[in-house]
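J.: Structure: coords.tsv, TSV, C-alpha atoms.
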```tsv
chain	number	residue	atom	x	y	z
H	1	MET	CA	29.69	-37.56	-12.34
H	2	ALA	CA	27.87	-34.53	-10.99
H	3	ASN	CA	24.20	-34.22	-11.90
H	4	ILE	CA	24.30	-30.61	-13.10
H	5	GLU	CA	21.13	-29.09	-14.52
H	6	PRO	CA	21.33	-27.36	-17.91
H	7	ILE	CA	20.19	-23.99	-16.52
H	8	THR	CA	22.61	-21.08	-16.71
H	9	GLY	CA	21.95	-17.97	-14.61
H	10	ARG	CA	23.30	-14.57	-15.64
H	11	TYR	CA	22.77	-10.88	-15.05
H	12	VAL	CA	22.05	-8.33	-17.76
H	13	ARG	CA	21.85	-4.57	-17.39
H	14	VAL	CA	18.59	-3.27	-18.79
H	15	PRO	CA	18.32	0.49	-19.29
H	16	TYR	CA	14.78	1.79	-18.89
H	17	GLU	CA	13.60	5.34	-18.29
H	18	GLY	CA	16.90	6.56	-16.89
H	19	GLU	CA	17.41	3.58	-14.60
H	20	ASP	CA	20.07	0.94	-15.10
H	21	TYR	CA	18.31	-2.24	-13.92
H	22	ARG	CA	20.41	-5.23	-12.96
H	23	VAL	CA	18.27	-8.16	-14.04
H	24	PHE	CA	18.80	-11.82	-13.28
H	25	TYR	CA	17.70	-14.40	-15.80
H	26	GLU	CA	18.08	-18.11	-16.31
H	27	GLU	CA	18.20	-19.89	-19.64
H	28	ALA	CA	18.61	-23.30	-21.19
H	29	GLY	CA	18.43	-24.72	-24.69
H	30	GLN	CA	18.55	-23.24	-28.13
H	31	GLY	CA	16.12	-22.34	-30.85
H	32	ILE	CA	13.17	-19.99	-30.82
H	33	PRO	CA	13.42	-17.60	-27.86
H	34	LEU	CA	10.73	-18.48	-25.29
H	35	VAL	CA	10.60	-15.85	-22.55
H	36	CYS	CA	8.85	-17.11	-19.39
H	37	LEU	CA	7.24	-14.74	-16.92
H	38	HIS	CA	6.80	-15.58	-13.25
H	39	THR	CA	3.64	-14.88	-11.27
H	40	ALA	CA	3.15	-12.06	-8.74
H	41	GLY	CA	5.67	-11.91	-5.92
H	42	THR	CA	7.83	-14.78	-7.12
H	43	ASP	CA	10.73	-15.41	-9.49
H	44	THR	CA	12.29	-17.60	-12.17
H	45	ARG	CA	12.27	-20.72	-10.03
H	46	GLU	CA	8.66	-21.32	-11.05
H	47	TRP	CA	9.94	-22.34	-14.50
H	48	ARG	CA	12.68	-24.75	-13.44
H	49	HIS	CA	10.94	-27.81	-14.85
H	50	GLN	CA	10.40	-26.35	-18.30
H	51	LEU	CA	13.95	-24.94	-18.40
H	52	CYS	CA	15.32	-28.44	-17.82
H	53	ASP	CA	12.94	-30.29	-20.12
H	54	THR	CA	14.78	-31.47	-23.23
H	55	ASP	CA	11.49	-31.87	-25.11
H	56	ILE	CA	11.15	-28.10	-24.76
H	57	ASN	CA	14.67	-26.75	-24.71
H	58	SER	CA	15.79	-28.71	-27.78
H	59	ASP	CA	13.67	-26.44	-29.99
H	60	PHE	CA	13.39	-23.37	-27.81
H	61	ARG	CA	15.86	-21.13	-26.03
H	62	VAL	CA	13.96	-21.02	-22.76
H	63	ILE	CA	14.60	-17.82	-20.79
H	64	ALA	CA	13.09	-16.85	-17.45
H	65	LEU	CA	13.74	-13.48	-15.85
H	66	ASP	CA	13.26	-12.03	-12.42
H	67	LEU	CA	11.42	-8.74	-12.73
H	68	PRO	CA	13.01	-5.86	-10.80
H	69	ARG	CA	12.32	-6.31	-7.04
H	70	HIS	CA	11.90	-10.08	-7.53
H	71	GLY	CA	14.29	-12.95	-6.90
H	72	LYS	CA	17.84	-11.82	-7.64
H	73	SER	CA	16.89	-8.64	-9.53
H	74	ILE	CA	17.47	-5.85	-7.06
H	75	PRO	CA	15.08	-2.90	-6.84
H	76	PRO	CA	16.04	0.45	-8.34
H	77	ALA	CA	17.65	2.99	-6.02
H	78	GLY	CA	15.09	4.88	-3.97
H	79	TRP	CA	12.76	1.91	-3.55
H	80	TRP	CA	12.67	2.49	0.19
H	81	LYS	CA	10.83	5.78	-0.27
H	82	GLU	CA	8.06	4.43	-2.53
H	83	GLU	CA	5.03	2.20	-2.40
H	84	TYR	CA	5.57	-0.38	-5.11
H	85	LYS	CA	2.75	-0.65	-7.63
H	86	LEU	CA	3.37	-2.54	-10.84
H	87	THR	CA	1.70	-0.98	-13.87
H	88	ALA	CA	0.89	-2.38	-17.28
H	89	GLN	CA	3.04	0.28	-18.92
H	90	PHE	CA	6.18	-0.48	-16.90
H	91	TYR	CA	5.67	-4.23	-17.10
H	92	SER	CA	5.18	-4.42	-20.86
H	93	GLU	CA	7.82	-1.83	-21.77
H	94	PHE	CA	10.38	-3.33	-19.42
H	95	LEU	CA	9.86	-6.80	-20.86
H	96	MET	CA	10.47	-5.49	-24.35
H	97	ALA	CA	13.56	-3.62	-23.14
H	98	PHE	CA	14.85	-6.90	-21.68
H	99	CYS	CA	14.21	-8.73	-24.97
H	100	LYS	CA	16.00	-5.95	-26.86
H	101	GLU	CA	19.09	-6.15	-24.63
H	102	LEU	CA	19.32	-9.90	-25.23
H	103	GLU	CA	18.75	-9.30	-28.97
H	104	LEU	CA	15.94	-11.83	-29.06
H	105	ASP	CA	14.48	-12.29	-32.52
H	106	ASN	CA	10.69	-12.26	-32.34
H	107	PRO	CA	10.42	-14.21	-29.10
H	108	VAL	CA	7.46	-16.13	-27.81
H	109	ILE	CA	6.26	-14.76	-24.47
H	110	MET	CA	4.76	-17.24	-22.02
H	111	GLY	CA	3.51	-16.01	-18.66
H	112	SER	CA	1.19	-17.11	-15.92
H	113	SER	CA	-1.25	-15.07	-13.83
H	114	MET	CA	0.03	-11.48	-14.05
H	115	GLY	CA	2.44	-12.84	-16.65
H	116	GLY	CA	-0.59	-14.09	-18.54
H	117	ASN	CA	-2.53	-10.88	-18.21
H	118	ILE	CA	0.37	-8.79	-19.53
H	119	CYS	CA	0.19	-10.81	-22.74
H	120	LEU	CA	-2.93	-8.85	-23.68
H	121	HIS	CA	-1.02	-5.57	-23.35
H	122	LEU	CA	1.90	-6.99	-25.33
H	123	ALA	CA	-0.51	-8.08	-28.05
H	124	ARG	CA	-1.82	-4.55	-28.29
H	125	ASN	CA	1.45	-2.62	-28.22
H	126	CYS	CA	4.31	-4.89	-29.24
H	127	SER	CA	2.96	-7.65	-31.50
H	128	SER	CA	5.24	-6.71	-34.42
H	129	ASP	CA	8.25	-7.69	-32.31
H	130	LEU	CA	6.78	-10.98	-31.07
H	131	ARG	CA	6.06	-14.41	-32.54
H	132	ALA	CA	3.28	-15.71	-30.30
H	133	LEU	CA	1.87	-15.32	-26.81
H	134	ILE	CA	1.00	-18.07	-24.32
H	135	ALA	CA	-1.27	-16.47	-21.74
H	136	ILE	CA	-1.64	-18.85	-18.81
H	137	GLU	CA	-4.35	-18.19	-16.20
H	138	ALA	CA	-5.19	-14.96	-18.00
H	139	CYS	CA	-8.33	-12.95	-18.62
H	140	ASP	CA	-9.31	-9.37	-19.35
H	141	TYR	CA	-10.13	-8.46	-15.72
H	142	SER	CA	-9.17	-10.22	-12.50
H	143	PRO	CA	-10.39	-8.18	-9.49
H	144	GLY	CA	-10.26	-8.81	-5.77
H	145	TRP	CA	-6.60	-9.36	-4.96
H	146	TRP	CA	-5.16	-5.94	-4.11
H	147	LEU	CA	-5.47	-6.54	-0.37
H	148	ASP	CA	-3.89	-4.58	2.50
H	149	TRP	CA	-3.47	-7.77	4.55
H	150	LEU	CA	-0.77	-8.86	2.13
H	151	TRP	CA	1.46	-6.00	3.28
H	152	ASN	CA	0.77	-5.22	6.92
H	153	PRO	CA	3.37	-5.16	9.71
H	154	HIS	CA	0.91	-6.97	12.00
H	155	VAL	CA	0.87	-9.95	9.65
H	156	HIS	CA	3.73	-12.20	8.59
H	157	GLY	CA	3.91	-11.33	4.90
H	158	GLY	CA	5.64	-14.50	3.81
H	159	GLU	CA	3.21	-16.86	5.48
H	160	ALA	CA	0.11	-14.81	4.64
H	161	CYS	CA	0.99	-14.24	0.96
H	162	ALA	CA	1.97	-17.85	0.46
H	163	THR	CA	-1.09	-19.26	2.18
H	164	SER	CA	-3.42	-16.89	0.34
H	165	VAL	CA	-2.40	-18.50	-2.96
H	166	TYR	CA	-2.13	-22.09	-1.76
H	167	GLY	CA	-5.77	-22.83	-2.51
H	168	LEU	CA	-5.28	-21.66	-6.10
H	169	MET	CA	-3.57	-24.97	-6.74
H	170	ALA	CA	-5.39	-28.20	-7.51
H	171	PRO	CA	-5.58	-30.95	-4.89
H	172	GLN	CA	-4.47	-33.38	-7.62
H	173	SER	CA	-1.13	-31.56	-8.01
H	174	PRO	CA	1.74	-33.21	-6.11
H	175	GLU	CA	1.91	-31.81	-2.59
H	176	GLU	CA	5.68	-31.50	-2.87
H	177	TYR	CA	5.32	-29.04	-5.76
H	178	ARG	CA	2.45	-27.16	-4.17
H	179	ARG	CA	4.52	-26.65	-1.03
H	180	GLU	CA	7.48	-25.59	-3.16
H	181	THR	CA	5.31	-22.92	-4.78
H	182	TRP	CA	4.20	-21.85	-1.28
H	183	TRP	CA	7.91	-21.56	-0.41
H	184	TYR	CA	8.56	-19.21	-3.34
H	185	TYR	CA	5.69	-17.02	-2.20
H	186	ALA	CA	7.02	-16.93	1.35
H	187	GLN	CA	10.24	-15.32	0.10
H	188	SER	CA	9.29	-12.15	-1.73
H	189	GLY	CA	10.21	-8.71	-0.39
H	190	PRO	CA	7.74	-6.80	1.78
H	191	GLY	CA	4.88	-5.40	-0.28
H	192	ILE	CA	6.06	-6.93	-3.55
H	193	PHE	CA	3.25	-9.45	-3.92
H	194	LYS	CA	0.70	-6.77	-3.12
H	195	GLY	CA	2.43	-4.31	-5.48
H	196	ASP	CA	2.25	-6.82	-8.30
H	197	LEU	CA	-1.41	-7.36	-7.55
H	198	TYR	CA	-2.01	-3.68	-8.22
H	199	PHE	CA	-1.37	-4.55	-11.84
H	200	TYR	CA	-3.22	-7.88	-11.62
H	201	SER	CA	-6.44	-6.57	-10.06
H	202	VAL	CA	-6.47	-2.80	-10.64
H	203	ASP	CA	-4.35	-1.50	-13.53
H	204	HIS	CA	-5.16	-4.46	-15.75
H	205	ASP	CA	-8.68	-3.86	-16.98
H	206	PHE	CA	-8.79	-4.95	-20.57
H	207	ARG	CA	-12.54	-5.50	-20.84
H	208	ALA	CA	-13.10	-2.70	-23.33
H	209	MET	CA	-9.96	-3.44	-25.35
H	210	ALA	CA	-9.84	-7.20	-25.89
H	211	GLU	CA	-12.02	-7.05	-29.00
H	212	ASN	CA	-9.74	-4.45	-30.58
H	213	LEU	CA	-6.50	-6.42	-30.54
H	214	PRO	CA	-4.94	-6.65	-34.00
H	215	GLY	CA	-4.82	-10.46	-34.08
H	216	ASP	CA	-1.59	-10.48	-36.07
H	217	ILE	CA	0.08	-13.04	-33.79
H	218	PRO	CA	-1.55	-16.06	-32.16
H	219	ILE	CA	-2.52	-15.98	-28.48
H	220	TYR	CA	-2.94	-19.28	-26.68
H	221	PHE	CA	-4.99	-18.96	-23.50
H	222	MET	CA	-4.47	-21.81	-21.02
H	223	THR	CA	-6.36	-21.96	-17.71
H	224	GLY	CA	-6.64	-24.61	-15.03
H	225	VAL	CA	-10.00	-25.60	-13.62
H	226	TYR	CA	-8.95	-24.96	-10.00
H	227	ASP	CA	-8.05	-21.32	-10.64
H	228	PHE	CA	-10.54	-19.33	-8.57
H	229	ALA	CA	-8.84	-15.99	-9.37
H	230	CYS	CA	-9.17	-16.43	-13.11
H	231	THR	CA	-11.74	-19.11	-13.68
H	232	PRO	CA	-12.06	-21.09	-16.89
H	233	GLU	CA	-15.22	-19.13	-17.60
H	234	MET	CA	-13.37	-15.82	-17.28
H	235	THR	CA	-10.67	-16.98	-19.69
H	236	GLU	CA	-13.19	-18.39	-22.17
H	237	LYS	CA	-15.13	-15.14	-22.13
H	238	THR	CA	-11.94	-13.18	-22.84
H	239	ALA	CA	-10.70	-15.56	-25.54
H	240	LYS	CA	-13.99	-15.22	-27.41
H	241	LYS	CA	-13.26	-11.51	-27.79
H	242	VAL	CA	-9.65	-11.95	-28.98
H	243	LYS	CA	-8.96	-12.56	-32.64
H	244	ASN	CA	-6.49	-15.32	-33.59
H	245	SER	CA	-6.74	-16.90	-30.16
H	246	GLU	CA	-7.23	-20.41	-28.85
H	247	CYS	CA	-8.59	-21.30	-25.42
H	248	ILE	CA	-7.35	-24.41	-23.66
H	249	ILE	CA	-8.91	-25.46	-20.33
H	250	MET	CA	-6.67	-27.72	-18.29
H	251	GLU	CA	-8.18	-30.39	-16.00
H	252	GLU	CA	-6.87	-31.22	-12.52
H	253	ILE	CA	-4.58	-28.20	-12.30
H	254	GLY	CA	-4.76	-24.68	-10.88
H	255	HIS	CA	-3.22	-21.23	-11.11
H	256	PHE	CA	0.47	-22.29	-11.25
H	257	PRO	CA	0.60	-25.02	-13.91
H	258	MET	CA	4.33	-24.83	-14.61
H	259	CYS	CA	5.39	-25.36	-11.02
H	260	GLU	CA	2.44	-27.01	-9.23
H	261	ASN	CA	2.17	-29.85	-11.73
H	262	PRO	CA	4.71	-29.76	-14.58
H	263	VAL	CA	3.71	-33.21	-15.85
H	264	THR	CA	0.05	-32.35	-16.34
H	265	PHE	CA	0.97	-28.92	-17.72
H	266	LYS	CA	3.31	-30.45	-20.27
H	267	LYS	CA	0.47	-32.48	-21.79
H	268	TYR	CA	-1.28	-29.25	-22.65
H	269	LEU	CA	1.78	-27.15	-23.46
H	270	MET	CA	3.53	-29.41	-25.98
H	271	PRO	CA	0.79	-29.19	-28.65
H	272	VAL	CA	0.92	-25.38	-28.34
H	273	LEU	CA	4.69	-25.33	-28.77
H	274	ALA	CA	4.34	-27.71	-31.75
H	275	LYS	CA	1.97	-25.27	-33.44
H	276	ILE	CA	4.41	-22.42	-32.88
H	277	LEU	CA	7.23	-24.51	-34.32
H	278	GLN	CA	5.16	-25.43	-37.37
H	279	THR	CA	4.45	-21.83	-38.22
H	280	SER	CA	7.97	-20.54	-37.55
T	1	MET	CA	-23.07	-35.10	3.15
T	2	ALA	CA	-20.98	-34.35	6.25
T	3	ALA	CA	-23.15	-34.18	9.35
T	4	PHE	CA	-21.42	-31.24	11.06
T	5	ASP	CA	-23.09	-32.38	14.29
T	6	THR	CA	-21.34	-32.34	17.67
T	7	GLY	CA	-19.93	-35.82	17.14
T	8	TRP	CA	-18.42	-34.79	13.82
T	9	MET	CA	-16.93	-31.67	15.41
T	10	GLU	CA	-15.47	-33.72	18.27
T	11	ARG	CA	-13.82	-36.06	15.80
T	12	TRP	CA	-12.30	-33.06	14.00
T	13	GLN	CA	-11.18	-31.62	17.35
T	14	ALA	CA	-9.40	-34.88	18.15
T	15	LEU	CA	-7.66	-34.87	14.77
T	16	VAL	CA	-6.39	-31.33	15.33
T	17	ASN	CA	-5.23	-32.08	18.86
T	18	GLN	CA	-3.35	-35.18	17.73
T	19	ASP	CA	-1.77	-33.50	14.71
T	20	ARG	CA	1.99	-33.10	14.86
T	21	VAL	CA	2.19	-30.29	12.28
T	22	THR	CA	-0.43	-28.15	13.99
T	23	LYS	CA	1.71	-28.21	17.11
T	24	ILE	CA	4.63	-26.81	15.10
T	25	ILE	CA	2.96	-24.16	12.96
T	26	GLY	CA	0.10	-23.31	15.31
T	27	ARG	CA	1.98	-22.30	18.44
T	28	HIS	CA	0.57	-18.76	18.21
T	29	LEU	CA	-2.92	-19.76	17.13
T	30	THR	CA	-4.93	-18.66	20.14
T	31	THR	CA	-8.38	-17.31	19.36
T	32	ASP	CA	-12.10	-18.06	19.36
T	33	VAL	CA	-13.68	-18.67	15.97
T	34	LEU	CA	-17.32	-19.10	15.06
T	35	LEU	CA	-17.87	-21.72	12.38
T	36	ALA	CA	-21.38	-21.77	10.94
T	37	PHE	CA	-22.43	-24.68	8.74
T	38	GLY	CA	-25.76	-23.35	7.59
T	39	GLU	CA	-27.94	-23.06	10.72
T	40	THR	CA	-25.53	-25.12	12.81
T	41	ALA	CA	-22.84	-23.03	14.50
T	42	TYR	CA	-20.03	-23.60	16.96
T	43	VAL	CA	-17.47	-21.45	18.73
T	44	VAL	CA	-14.13	-23.19	18.41
T	45	SER	CA	-11.53	-22.17	20.98
T	46	PHE	CA	-7.94	-22.49	19.81
T	47	VAL	CA	-5.14	-22.27	22.38
T	48	GLY	CA	-1.58	-22.58	21.14
T	49	GLY	CA	-2.57	-24.72	18.20
T	50	THR	CA	-4.88	-27.05	20.08
T	51	ILE	CA	-8.65	-27.00	20.48
T	52	PRO	CA	-9.49	-27.43	24.17
T	53	LYS	CA	-13.17	-26.56	23.73
T	54	ILE	CA	-15.90	-26.41	21.12
T	55	SER	CA	-19.14	-24.79	22.22
T	56	SER	CA	-22.37	-25.61	20.46
T	57	ASP	CA	-24.45	-23.49	22.82
T	58	ILE	CA	-24.53	-20.32	20.76
T	59	GLY	CA	-26.50	-17.44	22.19
T	60	PRO	CA	-26.47	-13.76	23.12
T	61	GLU	CA	-23.54	-14.27	25.46
T	62	SER	CA	-21.34	-16.09	22.98
T	63	THR	CA	-18.14	-14.30	22.10
T	64	TYR	CA	-15.68	-14.93	19.31
T	65	VAL	CA	-13.03	-13.02	17.39
T	66	PHE	CA	-14.01	-13.81	13.83
T	67	ALA	CA	-16.52	-15.97	12.03
T	68	LEU	CA	-16.77	-18.14	8.95
T	69	ARG	CA	-20.34	-18.64	7.78
T	70	GLY	CA	-21.46	-20.67	4.80
T	71	PRO	CA	-24.21	-23.03	3.72
T	72	ALA	CA	-23.76	-26.61	4.90
T	73	GLU	CA	-23.70	-27.66	1.23
T	74	THR	CA	-20.68	-25.41	0.65
T	75	TRP	CA	-18.81	-26.84	3.62
T	76	ALA	CA	-19.75	-30.35	2.55
T	77	LYS	CA	-17.89	-29.80	-0.71
T	78	PHE	CA	-14.94	-28.24	1.12
T	79	VAL	CA	-14.49	-31.32	3.33
T	80	GLN	CA	-14.55	-33.86	0.49
T	81	PRO	CA	-11.24	-35.73	0.19
T	82	ILE	CA	-10.76	-34.11	-3.22
T	83	PRO	CA	-12.90	-30.99	-3.15
T	84	PRO	CA	-14.25	-29.69	-6.46
T	85	PRO	CA	-12.89	-26.49	-8.05
T	86	MET	CA	-13.79	-23.29	-6.19
T	87	TYR	CA	-14.46	-25.24	-2.95
T	88	ASN	CA	-10.97	-26.41	-1.97
T	89	ASP	CA	-9.99	-23.38	0.12
T	90	ILE	CA	-11.71	-20.83	2.37
T	91	TRP	CA	-10.35	-17.89	0.33
T	92	ALA	CA	-11.58	-19.60	-2.85
T	93	MET	CA	-15.05	-19.79	-1.36
T	94	ALA	CA	-14.94	-16.31	0.18
T	95	HIS	CA	-13.34	-14.42	-2.73
T	96	PRO	CA	-15.65	-11.64	-3.97
T	97	LEU	CA	-15.94	-13.40	-7.33
T	98	HIS	CA	-17.59	-16.38	-5.63
T	99	GLY	CA	-19.10	-15.33	-2.29
T	100	ARG	CA	-19.92	-18.82	-1.04
T	101	LEU	CA	-18.43	-18.16	2.40
T	102	GLN	CA	-18.64	-15.07	4.59
T	103	ILE	CA	-15.62	-14.17	6.71
T	104	GLU	CA	-16.44	-11.55	9.35
T	105	GLY	CA	-15.04	-9.97	12.49
T	106	ASP	CA	-11.47	-9.24	13.54
T	107	VAL	CA	-9.94	-10.95	10.53
T	108	LYS	CA	-6.49	-9.60	11.38
T	109	VAL	CA	-6.17	-12.54	13.76
T	110	MET	CA	-7.09	-14.88	10.92
T	111	TRP	CA	-4.50	-13.37	8.57
T	112	GLN	CA	-1.87	-13.54	11.32
T	113	ASN	CA	-2.54	-17.25	11.72
T	114	LEU	CA	-3.67	-18.09	8.21
T	115	ARG	CA	-1.22	-20.93	7.68
T	116	ALA	CA	-2.06	-22.80	10.87
T	117	PHE	CA	-5.78	-22.00	10.76
T	118	THR	CA	-6.25	-23.28	7.21
T	119	TRP	CA	-4.16	-26.33	8.05
T	120	THR	CA	-6.59	-27.23	10.83
T	121	LEU	CA	-9.59	-26.71	8.54
T	122	ASP	CA	-8.01	-28.98	5.93
T	123	LEU	CA	-7.94	-31.72	8.59
T	124	MET	CA	-11.75	-31.74	8.32
T	125	ARG	CA	-11.22	-33.86	5.19
T	126	ASN	CA	-9.97	-36.67	7.41
T	127	VAL	CA	-13.02	-36.74	9.71
T	128	GLN	CA	-14.78	-40.12	9.59
T	129	GLU	CA	-18.49	-39.75	8.92
```
Turn the structure described in the file into structure tokens.

T.:
Amino acid sequence: MANIEPITGRYVRVPYEGEDYRVFYEEAGQGIPLVCLHTAGTDTREWRHQLCDTDINSDFRVIALDLPRHGKSIPPAGWWKEEYKLTAQFYSEFLMAFCKELELDNPVIMGSSMGGNICLHLARNCSSDLRALIAIEACDYSPGWWLDWLWNPHVHGGEACATSVYGLMAPQSPEEYRRETWWYYAQSGPGIFKGDLYFYSVDHDFRAMAENLPGDIPIYFMTGVYDFACTPEMTEKTAKKVKNSECIIMEEIGHFPMCENPVTFKKYLMPVLAKILQTS
Amino acid sequence: MAAFDTGWMERWQALVNQDRVTKIIGRHLTTDVLLAFGETAYVVSFVGGTIPKISSDIGPESTYVFALRGPAETWAKFVQPIPPPMYNDIWAMAHPLHGRLQIEGDVKVMWQNLRAFTWTLDLMRNVQE
């Protein structure tokens, strides 16, 4: 009998600001909608372990989407005449438009890196439509990554982008999974990783706003000790400002918990999901 | 702590030159790099993913394309079999948030060869003291 994974991949059309975006997403399971956000320059594959995990997908409808320009979600027409720069406004509004098209009832949003940072913006602007936020490797300001070398015709973008993030993973994480994450990074379109990092390191500056979040939904911050882009100290400092938040520091893991070491990540994630289940 | 003396560098050189993967991914890695471990510096010559020469005689006539300079204590953490957080990668150490390593010079060559170059540096963790 074929060993078929429970993941189903589909396309949904998401209208946003006059564009008709063709968006690829994968899902598995049923229950509370749990929307998973990939990191900069990658795609849904980062969440393959959680999508297939019956301890997770028996209570949650796990959904991972490719943002426009990522994975199987094609860019909007005219992309070839623009420099791509992801903004907090597009990112947060587009995510909510995606959730609306799928008719998700108060989903949980879980994202890592830029997907973690956007959780702060979602908490500010969209909390009434959400149940909880899991902000992985997130903080209120993460400078230093909007680098020209990541999109330069003299440099192999795939190899340079992938290698620039390789050290963000913990040496304790299985090499097979670290190299798989490297592989994802080697496959993004030209300038997409750098364009995402415009949001990550430039447009996302929440330092003056973190204290003013309403606190009406819980935010779970989770950061690995090997993350040198968003260190545990940076996350702890942010979490102290955010009402109704919890800060979880994860040992022996880095910036890509879900795909660099799904076993270690699961130890920290399951208690968070249990809390969300209890209060739902 | 790692000695970073000429014997240590020669043992690293031998590891790189014997390494099968470096031969595959480092075919275009041809450059001269200055590595400074505190006050101790070398110019490492890479040619097609091998290291034919390491010069410890650094002076006014030394030439190199780019340089990595950091305290010996920083490098000593980097070369541990399991390096501690923030020391496991040259970009981790050099990132503006941390500033434990200085990367200078024509860094375009480094970015062009980042995969192979960092692979060879990671082999430092296998050097016998």

J.: List as CSV every residue of chain H that is in contact with chain T, defined as an atom at most 6 Å from one of its atoms (using only C-alpha atoms), together with the nearest atom pair and the distance in Å rounded to one decimal, sorted by chain and then rising number.

T.:
```
residue,atom,partner,partner_atom,distance
H:Val155,CA,T:Gln112,CA,4.8
H:Thr163,CA,T:Arg115,CA,5.7
H:Gly167,CA,T:Asp89,CA,5.0
H:Tyr226,CA,T:Pro85,CA,4.7
H:Phe228,CA,T:Met86,CA,5.6
```

J.: What's the separation between atom CA of Gly224 of chain H and atom CA of Lys72 of chain H, in Å to one decimal place?

T.: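 For atom CA of Gly224 of chain H relative to atom CA of Lys72 of chain H, the distance reads 28.6 Å.
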
J.: Take atom CA of Phe199 of chain H and atom CA of Trp145 of chain H and report the distance between them in Å, one decimal.

T.: 9.9 Å

J.: Please compute the atom CA of Asn212 of chain H-atom CA of Val242 of chain H distance, one decimal, in Å.

T.: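 Separating atom CA of Asn212 of chain H from atom CA of Val242 of chain H is a distance of 7.7 Å.
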
J.: Of the residues H:Pro214, H:Pro15, H:Asp148, H:His70, which is the one nearest to Lys100 of chain H, using all atoms listed in the file?

T.: H:Pro15

J.: Return the single residue from H:Leu277, H:Cys139, H:Leu95, H:Leu130 that is closest to Thr231 of chain H, with distances computed using only C-alpha atoms.

T.: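 Of all the options, H:Cys139 lies closest to Thr231 of chain H.
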
J.: Complete the atom set of segment 49-63 of chain T to N, CA and C atoms and return it as a PDB file, in the coordinates of the input.

T.:
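So the final result, stored in result_11.pdb, reads:
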```
ATOM      1  N   GLY T  49      -2.533 -23.691  19.227  1.00  0.00           N
ATOM      2  CA  GLY T  49      -2.570 -24.720  18.200  1.00  0.00           C
ATOM      3  C   GLY T  49      -3.303 -25.980  18.600  1.00  0.00           C
ATOM      4  N   THR T  50      -3.999 -25.932  19.725  1.00  0.00           N
ATOM      5  CA  THR T  50      -4.880 -27.050  20.080  1.00  0.00           C
ATOM      6  C   THR T  50      -6.304 -26.494  20.237  1.00  0.00           C
ATOM      7  N   ILE T  51      -7.247 -27.401  20.275  1.00  0.00           N
ATOM      8  CA  ILE T  51      -8.650 -27.000  20.480  1.00  0.00           C
ATOM      9  C   ILE T  51      -9.122 -27.613  21.790  1.00  0.00           C
ATOM     10  N   PRO T  52      -9.029 -26.868  22.905  1.00  0.00           N
ATOM     11  CA  PRO T  52      -9.490 -27.430  24.170  1.00  0.00           C
ATOM     12  C   PRO T  52     -11.020 -27.480  24.283  1.00  0.00           C
ATOM     13  N   LYS T  53     -11.712 -26.636  23.503  1.00  0.00           N
ATOM     14  CA  LYS T  53     -13.170 -26.560  23.730  1.00  0.00           C
ATOM     15  C   LYS T  53     -13.878 -26.171  22.429  1.00  0.00           C
ATOM     16  N   ILE T  54     -14.988 -26.829  22.189  1.00  0.00           N
ATOM     17  CA  ILE T  54     -15.900 -26.410  21.120  1.00  0.00           C
ATOM     18  C   ILE T  54     -17.271 -26.242  21.749  1.00  0.00           C
ATOM     19  N   SER T  55     -17.827 -25.067  21.620  1.00  0.00           N
ATOM     20  CA  SER T  55     -19.140 -24.790  22.220  1.00  0.00           C
ATOM     21  C   SER T  55     -20.215 -24.794  21.150  1.00  0.00           C
ATOM     22  N   SER T  56     -21.243 -25.591  21.395  1.00  0.00           N
ATOM     23  CA  SER T  56     -22.370 -25.610  20.460  1.00  0.00           C
ATOM     24  C   SER T  56     -23.543 -24.797  20.994  1.00  0.00           C
ATOM     25  N   ASP T  57     -23.367 -24.265  22.179  1.00  0.00           N
ATOM     26  CA  ASP T  57     -24.450 -23.490  22.820  1.00  0.00           C
ATOM     27  C   ASP T  57     -24.265 -22.025  22.449  1.00  0.00           C
ATOM     28  N   ILE T  58     -24.734 -21.672  21.268  1.00  0.00           N
ATOM     29  CA  ILE T  58     -24.530 -20.320  20.760  1.00  0.00           C
ATOM     30  C   ILE T  58     -25.717 -19.446  21.131  1.00  0.00           C
ATOM     31  N   GLY T  59     -25.426 -18.328  21.771  1.00  0.00           N
ATOM     32  CA  GLY T  59     -26.500 -17.440  22.190  1.00  0.00           C
ATOM     33  C   GLY T  59     -26.010 -16.014  22.335  1.00  0.00           C
ATOM     34  N   PRO T  60     -26.829 -15.180  23.008  1.00  0.00           N
ATOM     35  CA  PRO T  60     -26.470 -13.760  23.120  1.00  0.00           C
ATOM     36  C   PRO T  60     -25.164 -13.519  23.869  1.00  0.00           C
ATOM     37  N   GLU T  61     -24.757 -14.471  24.683  1.00  0.00           N
ATOM     38  CA  GLU T  61     -23.540 -14.270  25.460  1.00  0.00           C
ATOM     39  C   GLU T  61     -22.303 -14.888  24.827  1.00  0.00           C
ATOM     40  N   SER T  62     -22.487 -15.482  23.656  1.00  0.00           N
ATOM     41  CA  SER T  62     -21.340 -16.090  22.980  1.00  0.00           C
ATOM     42  C   SER T  62     -20.402 -15.008  22.463  1.00  0.00           C
ATOM     43  N   THR T  63     -19.127 -15.239  22.631  1.00  0.00           N
ATOM     44  CA  THR T  63     -18.140 -14.300  22.100  1.00  0.00           C
ATOM     45  C   THR T  63     -17.154 -15.052  21.216  1.00  0.00           C
TER      46      THR T  63
END
```
